[in-house]
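Engineer: Enclosed is the structure file start-v6.cif (mmCIF, C-alpha atoms and all ligand atoms).
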data_coords
loop_
_atom_site.label_atom_id
_atom_site.label_comp_id
_atom_site.auth_asym_id
_atom_site.auth_seq_id
_atom_site.Cartn_x
_atom_site.Cartn_y
_atom_site.Cartn_z
CA MET A 16 -83.79 69.97 -2.91
CA THR A 17 -82.07 68.18 -0.02
CA THR A 18 -82.39 69.94 3.32
CA ILE A 19 -79.10 70.01 5.15
CA PRO A 20 -79.42 69.43 8.91
CA LYS A 21 -77.97 72.40 10.80
CA HIS A 22 -75.68 70.25 12.92
CA ARG A 23 -74.07 68.51 9.92
CA PRO A 24 -70.33 69.29 9.67
CA THR A 25 -68.63 69.59 6.30
CA LEU A 26 -66.54 66.53 5.43
CA ASN A 27 -62.88 66.71 4.55
CA ALA A 28 -62.13 66.07 0.89
CA THR A 29 -58.84 65.15 -0.69
CA THR A 30 -57.07 66.52 -3.69
CA GLY A 31 -54.06 64.67 -4.97
CA ALA A 32 -51.10 65.24 -7.23
CA ALA A 33 -51.57 67.52 -10.23
CA HIS A 34 -50.74 64.65 -12.58
CA ALA A 35 -49.82 60.96 -12.66
CA ARG A 36 -47.48 58.86 -14.77
CA ILE A 37 -46.18 55.32 -15.05
CA TRP A 38 -42.92 55.08 -13.11
CA GLY A 39 -41.92 51.53 -14.06
CA VAL A 40 -43.13 48.47 -15.95
CA GLY A 41 -42.45 44.79 -15.26
CA GLY A 42 -43.33 41.51 -16.91
CA TYR A 43 -43.32 37.79 -16.20
CA ARG A 44 -43.42 35.02 -18.79
CA PRO A 45 -43.55 31.40 -17.60
CA GLU A 46 -40.66 29.12 -18.57
CA ARG A 47 -42.50 26.63 -20.72
CA VAL A 48 -42.89 27.62 -24.39
CA ILE A 49 -45.67 25.96 -26.38
CA ASP A 50 -45.33 26.00 -30.16
CA ASN A 51 -48.15 25.62 -32.68
CA ASN A 52 -47.31 21.98 -33.39
CA GLU A 53 -48.00 21.11 -29.77
CA ILE A 54 -51.39 22.91 -30.01
CA CYS A 55 -52.15 20.91 -33.18
CA GLU A 56 -51.80 17.64 -31.25
CA ARG A 57 -55.31 18.34 -29.88
CA ILE A 58 -57.02 20.24 -32.74
CA ASP A 59 -57.30 19.74 -36.49
CA SER A 60 -55.05 22.61 -37.56
CA THR A 61 -51.52 23.42 -38.74
CA ASP A 62 -48.62 25.62 -37.70
CA GLN A 63 -49.00 27.47 -41.01
CA TRP A 64 -52.74 28.18 -40.52
CA ILE A 65 -52.21 29.50 -37.00
CA ARG A 66 -49.30 31.73 -38.12
CA GLU A 67 -51.20 33.10 -41.12
CA ARG A 68 -54.52 33.71 -39.36
CA THR A 69 -53.20 35.01 -36.03
CA GLY A 70 -49.46 35.77 -36.27
CA ILE A 71 -48.90 33.54 -33.24
CA VAL A 72 -45.80 31.32 -33.29
CA THR A 73 -45.49 30.43 -29.60
CA ARG A 74 -47.13 31.18 -26.28
CA TYR A 75 -46.10 30.50 -22.67
CA GLN A 76 -47.74 28.12 -20.23
CA ALA A 77 -47.51 28.33 -16.46
CA ARG A 78 -46.57 25.27 -14.38
CA PRO A 79 -49.53 23.49 -12.75
CA ASP A 80 -48.42 24.83 -9.36
CA GLU A 81 -47.78 28.37 -10.64
CA THR A 82 -50.73 30.62 -9.82
CA VAL A 83 -52.11 33.95 -10.96
CA VAL A 84 -50.92 35.28 -7.61
CA ASP A 85 -47.36 34.00 -8.20
CA MET A 86 -47.12 35.41 -11.71
CA GLY A 87 -48.74 38.72 -10.75
CA SER A 88 -46.33 39.07 -7.83
CA ALA A 89 -43.29 38.45 -10.06
CA ALA A 90 -44.39 41.15 -12.53
CA ALA A 91 -45.25 43.56 -9.72
CA LEU A 92 -41.81 43.18 -8.10
CA GLU A 93 -40.17 43.94 -11.46
CA ALA A 94 -42.32 47.05 -11.92
CA LEU A 95 -41.40 48.26 -8.42
CA LYS A 96 -37.72 47.67 -9.15
CA ALA A 97 -37.92 49.55 -12.45
CA ALA A 98 -39.71 52.42 -10.69
CA GLY A 99 -37.31 52.54 -7.73
CA VAL A 100 -40.25 52.34 -5.33
CA THR A 101 -40.53 49.89 -2.42
CA ALA A 102 -43.55 47.66 -1.79
CA SER A 103 -44.18 49.45 1.51
CA GLN A 104 -44.78 52.71 -0.40
CA VAL A 105 -47.64 51.21 -2.41
CA ASP A 106 -51.07 52.53 -1.36
CA ALA A 107 -53.21 50.39 -3.67
CA VAL A 108 -52.91 47.21 -5.70
CA ILE A 109 -55.32 46.78 -8.62
CA VAL A 110 -55.34 43.40 -10.33
CA ALA A 111 -56.98 42.88 -13.73
CA THR A 112 -57.68 39.19 -14.31
CA VAL A 113 -60.39 36.76 -15.36
CA THR A 114 -58.50 33.60 -14.45
CA HIS A 115 -57.96 33.81 -10.66
CA PRO A 116 -59.55 30.49 -9.68
CA TYR A 117 -61.22 31.74 -6.48
CA GLN A 118 -64.60 33.47 -6.71
CA THR A 119 -63.49 35.18 -3.52
CA PRO A 120 -61.17 36.52 -2.20
CA ALA A 121 -59.70 38.61 -4.99
CA ALA A 122 -56.13 38.04 -6.20
CA ALA A 123 -55.07 41.60 -5.29
CA PRO A 124 -54.88 41.23 -1.47
CA MET A 125 -52.99 37.93 -1.91
CA ILE A 126 -50.49 39.60 -4.26
CA ALA A 127 -50.16 42.59 -1.90
CA ASP A 128 -49.32 40.14 0.87
CA GLN A 129 -46.89 38.11 -1.26
CA ILE A 130 -44.87 41.19 -2.29
CA GLY A 131 -45.01 42.91 1.12
CA ALA A 132 -47.35 45.74 0.12
CA THR A 133 -49.73 45.30 3.08
CA PRO A 134 -51.87 47.04 4.19
CA ALA A 135 -52.38 48.60 0.76
CA ALA A 136 -55.95 48.76 -0.54
CA ALA A 137 -56.28 45.81 -2.89
CA PHE A 138 -59.02 44.81 -5.30
CA ASP A 139 -59.57 43.04 -8.62
CA ILE A 140 -61.29 44.44 -11.66
CA SER A 141 -63.04 42.26 -14.21
CA ALA A 142 -62.68 43.84 -17.63
CA ALA A 143 -61.08 40.89 -19.45
CA CYS A 144 -58.47 41.85 -22.04
CA ALA A 145 -59.15 45.55 -21.38
CA GLY A 146 -58.62 45.21 -17.62
CA TYR A 147 -55.10 46.66 -17.47
CA CYS A 148 -56.09 49.81 -19.42
CA HIS A 149 -59.10 50.19 -17.11
CA GLY A 150 -56.70 49.86 -14.17
CA ILE A 151 -54.43 52.59 -15.54
CA ALA A 152 -57.47 54.91 -15.84
CA VAL A 153 -58.52 54.18 -12.25
CA ALA A 154 -54.97 54.59 -10.88
CA ASN A 155 -54.58 57.91 -12.72
CA ASP A 156 -57.78 59.23 -11.13
CA MET A 157 -56.97 57.83 -7.67
CA ILE A 158 -53.61 59.60 -7.63
CA ARG A 159 -55.05 62.87 -8.89
CA GLY A 160 -58.04 62.56 -6.54
CA GLY A 161 -55.79 62.04 -3.53
CA SER A 162 -56.84 58.53 -2.49
CA ALA A 163 -53.37 57.09 -3.25
CA GLN A 164 -49.87 58.19 -4.08
CA PHE A 165 -48.48 54.95 -5.56
CA VAL A 166 -50.70 52.37 -7.26
CA LEU A 167 -49.65 49.01 -8.70
CA VAL A 168 -51.69 47.98 -11.71
CA ILE A 169 -51.24 44.31 -12.59
CA GLY A 170 -52.66 42.39 -15.56
CA VAL A 171 -52.28 38.64 -15.11
CA GLU A 172 -53.83 35.54 -16.64
CA LYS A 173 -53.46 31.80 -16.44
CA LEU A 174 -55.63 31.15 -19.48
CA SER A 175 -54.28 27.61 -19.85
CA GLU A 176 -56.65 26.66 -17.01
CA PHE A 177 -59.68 28.27 -18.62
CA ASN A 178 -59.38 27.57 -22.33
CA ASP A 179 -60.58 24.44 -24.05
CA ARG A 180 -57.50 22.80 -25.53
CA THR A 181 -59.69 20.84 -27.94
CA ASP A 182 -61.63 23.87 -29.24
CA ARG A 183 -60.53 24.51 -32.82
CA GLY A 184 -61.81 28.10 -32.64
CA SER A 185 -59.74 29.29 -29.68
CA ALA A 186 -57.17 26.74 -28.41
CA PHE A 187 -54.31 28.40 -30.33
CA ILE A 188 -54.95 31.99 -29.20
CA PHE A 189 -54.33 32.18 -25.49
CA GLY A 190 -51.16 32.27 -23.36
CA ASP A 191 -50.21 32.73 -19.71
CA GLY A 192 -48.27 35.61 -18.19
CA ALA A 193 -48.30 38.80 -16.14
CA GLY A 194 -47.42 42.45 -16.66
CA ALA A 195 -47.49 45.33 -14.20
CA SER A 196 -47.03 49.08 -13.91
CA LEU A 197 -46.27 51.24 -10.92
CA VAL A 198 -48.25 54.46 -11.29
CA GLY A 199 -47.26 57.48 -9.22
CA PRO A 200 -47.47 61.28 -8.98
CA SER A 201 -46.02 63.46 -11.70
CA ASP A 202 -45.37 67.13 -12.41
CA PHE A 203 -46.49 66.68 -16.03
CA PRO A 204 -49.46 64.75 -17.50
CA GLY A 205 -48.19 61.20 -18.04
CA ILE A 206 -51.57 59.54 -18.69
CA SER A 207 -54.11 61.15 -21.02
CA PRO A 208 -57.88 61.08 -20.50
CA THR A 209 -59.15 57.54 -21.04
CA VAL A 210 -61.67 56.81 -23.78
CA TRP A 211 -63.60 53.77 -22.61
CA GLY A 212 -66.94 52.08 -22.90
CA SER A 213 -68.90 48.88 -23.34
CA ASP A 214 -71.35 47.06 -25.59
CA GLY A 215 -72.95 44.49 -23.32
CA ALA A 216 -75.44 43.36 -25.97
CA LYS A 217 -72.52 41.47 -27.52
CA TRP A 218 -71.60 39.66 -24.29
CA LYS A 219 -71.99 36.22 -25.80
CA THR A 220 -69.26 36.75 -28.41
CA ILE A 221 -66.54 36.04 -25.80
CA SER A 222 -67.65 34.33 -22.62
CA SER A 223 -67.42 31.33 -20.38
CA ARG A 224 -69.22 28.45 -22.05
CA ASN A 225 -71.61 28.18 -19.11
CA SER A 226 -72.02 29.51 -15.59
CA TRP A 227 -70.69 27.95 -12.38
CA ILE A 228 -74.29 27.22 -11.37
CA GLU A 229 -74.92 25.30 -14.61
CA PHE A 230 -71.62 23.48 -14.12
CA ARG A 231 -72.74 22.43 -10.62
CA ASP A 232 -76.42 21.65 -11.25
CA GLU A 233 -76.61 20.53 -14.85
CA ASP A 234 -73.39 18.58 -15.10
CA THR A 235 -72.26 20.78 -18.00
CA GLU A 236 -68.71 21.07 -19.36
CA TRP A 237 -66.01 23.04 -17.56
CA PRO A 238 -66.83 26.76 -18.12
CA ALA A 239 -63.98 27.31 -20.55
CA ILE A 240 -63.69 30.64 -22.37
CA THR A 241 -64.99 30.46 -25.92
CA MET A 242 -65.46 33.08 -28.59
CA GLU A 243 -67.18 33.74 -31.89
CA GLY A 244 -63.91 34.49 -33.65
CA GLN A 245 -65.25 36.23 -36.73
CA SER A 246 -67.68 38.52 -34.87
CA VAL A 247 -64.98 39.54 -32.41
CA PHE A 248 -62.52 40.08 -35.25
CA ARG A 249 -64.93 42.37 -37.14
CA TRP A 250 -65.86 44.32 -34.03
CA ALA A 251 -62.21 44.85 -33.10
CA VAL A 252 -61.19 45.96 -36.57
CA TYR A 253 -64.10 48.30 -37.29
CA SER A 254 -65.03 49.66 -33.86
CA MET A 255 -61.65 50.02 -32.18
CA ALA A 256 -59.89 52.28 -34.71
CA PRO A 257 -62.31 55.17 -33.98
CA ILE A 258 -61.77 54.61 -30.24
CA ALA A 259 -57.98 54.74 -30.70
CA GLN A 260 -58.38 57.94 -32.74
CA ALA A 261 -60.65 59.40 -30.03
CA ALA A 262 -57.93 58.67 -27.47
CA LEU A 263 -55.39 60.57 -29.58
CA ASP A 264 -57.85 63.48 -29.87
CA ALA A 265 -58.55 63.43 -26.12
CA ALA A 266 -54.79 63.55 -25.49
CA GLY A 267 -54.47 66.50 -27.87
CA ILE A 268 -51.89 64.80 -30.07
CA LYS A 269 -51.64 63.44 -33.61
CA ALA A 270 -50.57 60.01 -34.85
CA GLU A 271 -47.20 61.44 -35.94
CA ASP A 272 -46.47 62.55 -32.34
CA LEU A 273 -46.46 58.91 -31.20
CA ASP A 274 -43.32 56.87 -30.60
CA ALA A 275 -45.17 53.60 -30.08
CA PHE A 276 -48.53 51.91 -30.60
CA ILE A 277 -49.30 49.20 -28.06
CA PRO A 278 -52.66 47.59 -28.87
CA HIS A 279 -54.05 44.52 -27.14
CA GLN A 280 -52.26 41.51 -28.59
CA ALA A 281 -55.36 39.68 -29.83
CA ASN A 282 -54.46 38.81 -33.40
CA MET A 283 -51.64 40.15 -35.64
CA ARG A 284 -54.18 40.85 -38.38
CA ILE A 285 -56.22 43.04 -35.99
CA ILE A 286 -53.02 44.92 -35.09
CA ASP A 287 -52.17 45.44 -38.79
CA ALA A 288 -55.71 46.63 -39.58
CA LEU A 289 -55.60 49.18 -36.73
CA VAL A 290 -52.19 50.45 -37.85
CA LYS A 291 -53.55 50.96 -41.36
CA GLN A 292 -56.76 52.68 -40.28
CA LEU A 293 -54.94 55.02 -37.91
CA LYS A 294 -52.45 55.82 -40.71
CA LEU A 295 -49.56 55.46 -38.30
CA PRO A 296 -46.31 56.80 -39.79
CA GLU A 297 -43.29 54.53 -40.31
CA HIS A 298 -41.42 55.84 -37.27
CA VAL A 299 -44.09 54.62 -34.81
CA ALA A 300 -42.93 51.34 -33.25
CA ILE A 301 -45.71 48.73 -33.27
CA ALA A 302 -46.04 46.16 -30.48
CA ARG A 303 -46.05 42.67 -32.00
CA ASP A 304 -45.40 40.65 -28.87
CA ILE A 305 -48.27 38.33 -29.86
CA ALA A 306 -45.91 36.36 -32.12
CA ASP A 307 -43.97 35.04 -29.11
CA THR A 308 -46.44 35.47 -26.28
CA GLY A 309 -49.90 34.80 -27.77
CA ASN A 310 -52.96 36.57 -26.40
CA THR A 311 -52.50 36.93 -22.63
CA SER A 312 -55.69 38.97 -22.14
CA ALA A 313 -55.19 41.48 -19.28
CA ALA A 314 -51.42 40.91 -19.32
CA SER A 315 -50.94 41.62 -23.02
CA VAL A 316 -50.51 45.42 -23.03
CA PRO A 317 -48.09 45.64 -20.07
CA LEU A 318 -46.11 42.61 -21.31
CA ALA A 319 -45.79 44.17 -24.77
CA THR A 320 -44.78 47.49 -23.18
CA GLN A 321 -42.11 45.83 -21.07
CA ARG A 322 -40.69 44.02 -24.08
CA MET A 323 -40.60 47.16 -26.22
CA LEU A 324 -38.80 49.13 -23.51
CA ASP A 325 -36.33 46.34 -22.67
CA SER A 326 -35.48 45.71 -26.32
CA GLY A 327 -35.05 49.42 -27.07
CA GLN A 328 -37.86 49.28 -29.63
CA ALA A 329 -39.68 52.13 -27.86
CA PRO A 330 -37.92 55.04 -26.16
CA HIS A 331 -38.11 55.79 -22.44
CA GLY A 332 -39.99 59.08 -22.10
CA GLY A 333 -41.72 58.65 -25.49
CA LEU A 334 -45.45 58.68 -26.17
CA ALA A 335 -47.37 55.43 -26.60
CA LEU A 336 -51.01 54.91 -27.54
CA GLN A 337 -52.42 51.87 -25.76
CA ILE A 338 -55.80 50.33 -26.46
CA ALA A 339 -57.35 47.13 -25.18
CA PHE A 340 -60.68 45.45 -25.85
CA GLY A 341 -62.33 42.17 -25.01
CA ALA A 342 -65.07 40.22 -23.29
CA GLY A 343 -68.01 42.31 -22.17
CA LEU A 344 -67.59 43.65 -24.75
CA VAL A 345 -65.49 46.41 -23.16
CA TYR A 346 -62.66 48.67 -24.24
CA ALA A 347 -60.32 51.38 -22.95
CA ALA A 348 -57.63 53.51 -24.60
CA GLN A 349 -55.23 56.21 -23.47
CA VAL A 350 -51.90 57.77 -24.39
CA ILE A 351 -49.11 57.32 -21.87
CA VAL A 352 -45.63 58.70 -21.42
CA LEU A 353 -43.39 55.61 -21.37
CA PRO A 354 -41.37 55.35 -18.15
C1 LIG B 401 -60.18 32.98 -34.31
C2 LIG B 401 -59.66 33.50 -35.65
C3 LIG B 401 -58.18 33.41 -35.74
C4 LIG B 401 -60.27 32.64 -36.77
O1 LIG B 401 -59.82 33.14 -38.01
P1 LIG B 401 -60.87 33.40 -39.17
O2 LIG B 401 -60.10 33.89 -40.30
O3 LIG B 401 -61.97 34.28 -38.63
O4 LIG B 401 -61.39 31.94 -39.43
P2 LIG B 401 -62.89 31.47 -39.74
O5 LIG B 401 -63.56 31.10 -38.48
O6 LIG B 401 -63.55 32.46 -40.65
O7 LIG B 401 -62.57 30.17 -40.58
C5 LIG B 401 -61.95 30.25 -41.84
C6 LIG B 401 -61.63 28.86 -42.31
O8 LIG B 401 -60.60 28.30 -41.46
C7 LIG B 401 -61.07 27.08 -40.90
N1 LIG B 401 -60.56 27.02 -39.52
C8 LIG B 401 -61.12 27.50 -38.40
N2 LIG B 401 -60.33 27.24 -37.34
C9 LIG B 401 -59.25 26.60 -37.84
C10 LIG B 401 -58.10 26.06 -37.25
N3 LIG B 401 -57.87 26.17 -35.92
N4 LIG B 401 -57.19 25.47 -38.03
C11 LIG B 401 -57.38 25.35 -39.36
N5 LIG B 401 -58.47 25.82 -39.97
C12 LIG B 401 -59.39 26.44 -39.22
C13 LIG B 401 -62.55 27.15 -40.93
O9 LIG B 401 -63.13 25.89 -40.94
C14 LIG B 401 -62.80 27.88 -42.22
O10 LIG B 401 -62.66 26.98 -43.30
P3 LIG B 401 -63.57 27.11 -44.61
O11 LIG B 401 -63.19 28.41 -45.22
O12 LIG B 401 -63.16 25.92 -45.41
O13 LIG B 401 -64.98 27.07 -44.13
C15 LIG B 401 -60.11 34.98 -35.86
O14 LIG B 401 -61.48 35.05 -36.09
C16 LIG B 401 -59.76 35.86 -34.70
O15 LIG B 401 -58.61 36.05 -34.37
N6 LIG B 401 -60.78 36.48 -34.08
C17 LIG B 401 -60.55 37.39 -33.02
C18 LIG B 401 -60.18 36.65 -31.81
C19 LIG B 401 -59.76 37.54 -30.72
O16 LIG B 401 -59.19 38.56 -30.94
N7 LIG B 401 -60.06 37.09 -29.51
C20 LIG B 401 -59.68 37.75 -28.35
C21 LIG B 401 -60.38 39.00 -28.23
S1 LIG B 401 -59.88 39.75 -26.82
#
Represent the structure contained in this file as C-alpha cells.
Structural biologist:
Amino acid sequence: MTTIPKHRPTLNATTGAAHARIWGVGGYRPERVIDNNEICERIDSTDQWIRERTGIVTRYQARPDETVVDMGSAAALEALKAAGVTASQVDAVIVATVTHPYQTPAAAPMIADQIGATPAAAFDISAACAGYCHGIAVANDMIRGGSAQFVLVIGVEKLSEFNDRTDRGSAFIFGDGAGASLVGPSDFPGISPTVWGSDGAKWKTISSRNSWIEFRDEDTEWPAITMEGQSVFRWAVYSMAPIAQAALDAAGIKAEDLDAFIPHQANMRIIDALVKQLKLPEHVAIARDIADTGNTSAASVPLATQRMLDSGQAPHGGLALQIAFGAGLVYAAQVIVLP
C-alpha cells in the first residue's frame, strides 16, 4: 500500500457536463473530381471492374498546394457554423489523420491557429480510418470528465500524396477530403458508450510500404500506403458486424430504433455485407457516400454524415450507428444522436 505523506494536500478534480452530443457537422470535398477512367490510365483495370468490386465511381483530389491543414480547417469552420459556436469557444481540437506530411508538429495546432481557436488544446490521433470515431469517444469523455466544454473532432486525409497511383490493388480506393464535428455538452446522452479495440498482429495488412528510416537509408520506394485487399475485406465483413451489434447493445437500442447507419466508406460490398448481417430494417438510411467520394479514411464517416444530413437522407435528431475500422488494425463504434 502507498503511504501518503501527511503534508500532501488533496488535488482538485473536475467533473464535467452530465452528457455530450454532436452540435454540428461540416465537410470539405476538393474541387477536382477523378473518375475511374483517369485511374485506369495508370493501372490495368476498367471502370466496370472498379464499380463492381468497390462501388466507387469518383473520388476527389486536393490541389498540390492544398494541405491537410487547409482541408481540415474548411471542414471545422463548417461544423462550427452548423453548431452556432465560435472558434474562440473551442477548448480542444482533435485531428484524426495519417496523411499530415510533417512528423511533427501535429496538424491540430496548425488548424486551431488557422481557424482562430487558439489557445485550445490541440493534438492528432493516429487511428487511420477509425480515427474520427476514436476522436468522438475521446471528446465525449473529455466533456463529461470536465477537461473541455467544446471539442472539435476533425477527420482529414490527403491520400493522393500517400497512395501509389500505379498499384493495381489500391490506386482506385482512396480519395481526399475532410469532415468535422463540434462536440459539446448536452442534457441528454448524445453519444453512446464506444465499443473499440485493436488487433495489432494484423498490422501488415494495411500499412506504409516501408518506414521513413528505410526510405532514407536503403533507398527504398516512397512509403505509400498499401493493403492486402482480400484479408482486409474478410476481416471487415466478419469481424465488424459483431462490433456494430455490440455498439447497439451498449447503447441499449435495437437495429429498428436506428434512423441511419454510417459505416466507414471502405468498399460498397463491405457496407452491403454489414447491412445484411445486422439485419437493418428498410427504414434505416444507409450511408453510401463512397460512390462519389471514395475511401477518405478518417474523413469518411463525418463526410458521409454531413452529406446525409444536408440531403435530408437522415433526420436531424435521429439515431445513427457509426463504425469505422482500418490500419492497425483498429476499430471503434458508437451510436450518436444526429445534430
Ligand atoms: C481491393 C479490393 C477491391 C479487391 O477486390 P477483390 O474482389 O478482393 O479482388 P482480388 O484481389 O480477389 O482479385 C480478384 C480478381 O480481380 C483481379 N484484379 C485485382 N485488382 C484489379 C484491378 N484493379 N482491376 C481489374 N482487375 C483486378 C485480380 O487479378 C483477380 O483476378 P483473377 O480472379 O483472374 O485472379 C477488395 O479486396 C477490397 O475492397 N478490400 C478491402 C479494402 C479496404 O476496405 N481498404 C480500406 C480499409 S480501411
Engineer: Please return, as a PyMOL selection string, all polymer residues that have at least one atom within 12 Å of the point (-48.7, 48.5, -24.4); use all atoms listed in the file and the file's own coordinate frame.
Structural biologist: chain A and resi 37+40-42+145+147-148+151+170+194-196+274-280+300-305+313-324+329+334-339+348-354
Engineer: Step by step, measure atom-to-atom distances between ligand LIG 401 (chain B) and each residue using only C-alpha atoms and all ligand atoms, keep those at most 6 Å, then write them as a PyMOL selection string.
Structural biologist: chain A and resi 59-60+64+68-69+144+183-185+244-245+247-248+281-282+340-341
Engineer: Report, in Å with one decimal, the straight-line distance from atom CA of Asp179 of chain A to atom CA of Ser222 of chain A.
Structural biologist: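 Distance between the two atoms: 12.2 Å.
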Engineer: To one decimal in Å, tell me the separation between atom CA of Tyr117 of chain A and atom CA of Ile54 of chain A.
Structural biologist: 27.0 Å
Engineer: With a distance cut-off of 12 Å and only C-alpha atoms, select the neighbouring residues of segment 235-243 of chain A, excluding the residue or stretch itself and same-chain residues fewer than 2 positions from it, and output the selection as a VMD selection string.
Structural biologist: chain A and resid 113 to 114 116 143 173 to 189 217 to 233 245 to 250 312 341 to 344
Engineer: How many Å lie between atom CA of Asp50 of chain A and atom CA of Asp80 of chain A, rounded to one decimal?
Structural biologist: 21.1 Å
Engineer: With a distance cut-off of 7 Å and only C-alpha atoms, select the neighbouring residues of Ile49 of chain A, excluding the residue or stretch itself and same-chain residues fewer than 4 positions from it, and output the selection as a list in words.
Structural biologist: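 That gives Glu53, Thr73, Arg74, Tyr75 and Gln76 of chain A.
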Engineer: Just want the 12 Å neighbourhood of Leu92 of chain A, counted on all atoms listed in the file, with same-chain residues fewer than 4 positions away dropped. Output as a VMD selection string.
Structural biologist: chain A and resid 39 to 43 85 to 88 96 to 103 105 126 to 127 129 to 132 167 to 169 193 to 197
Engineer: For Gly199 of chain A, which of A:Gly161, A:Pro24, A:Pro45, A:Gly70 is the closest residue, counting all atoms listed in the file?
Structural biologist: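 Residue with the minimum atom-to-atom distance to Gly199 of chain A: A:Gly161.
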Engineer: Which polymer residues, protein or nucleic acid, are no farther than 6 Å from (-52.8, 35.7, -11.6), counting only C-alpha atoms, as a CSV table (one decimal) with C-alpha atoms, keeping the file's coordinate frame?
Structural biologist:
chain,number,residue,atom,x,y,z
A,82,THR,CA,-50.7,30.6,-9.8
A,83,VAL,CA,-52.1,34.0,-11.0
A,84,VAL,CA,-50.9,35.3,-7.6
A,86,MET,CA,-47.1,35.4,-11.7
A,87,GLY,CA,-48.7,38.7,-10.8
A,115,HIS,CA,-58.0,33.8,-10.7
A,171,VAL,CA,-52.3,38.6,-15.1
A,172,GLU,CA,-53.8,35.5,-16.6
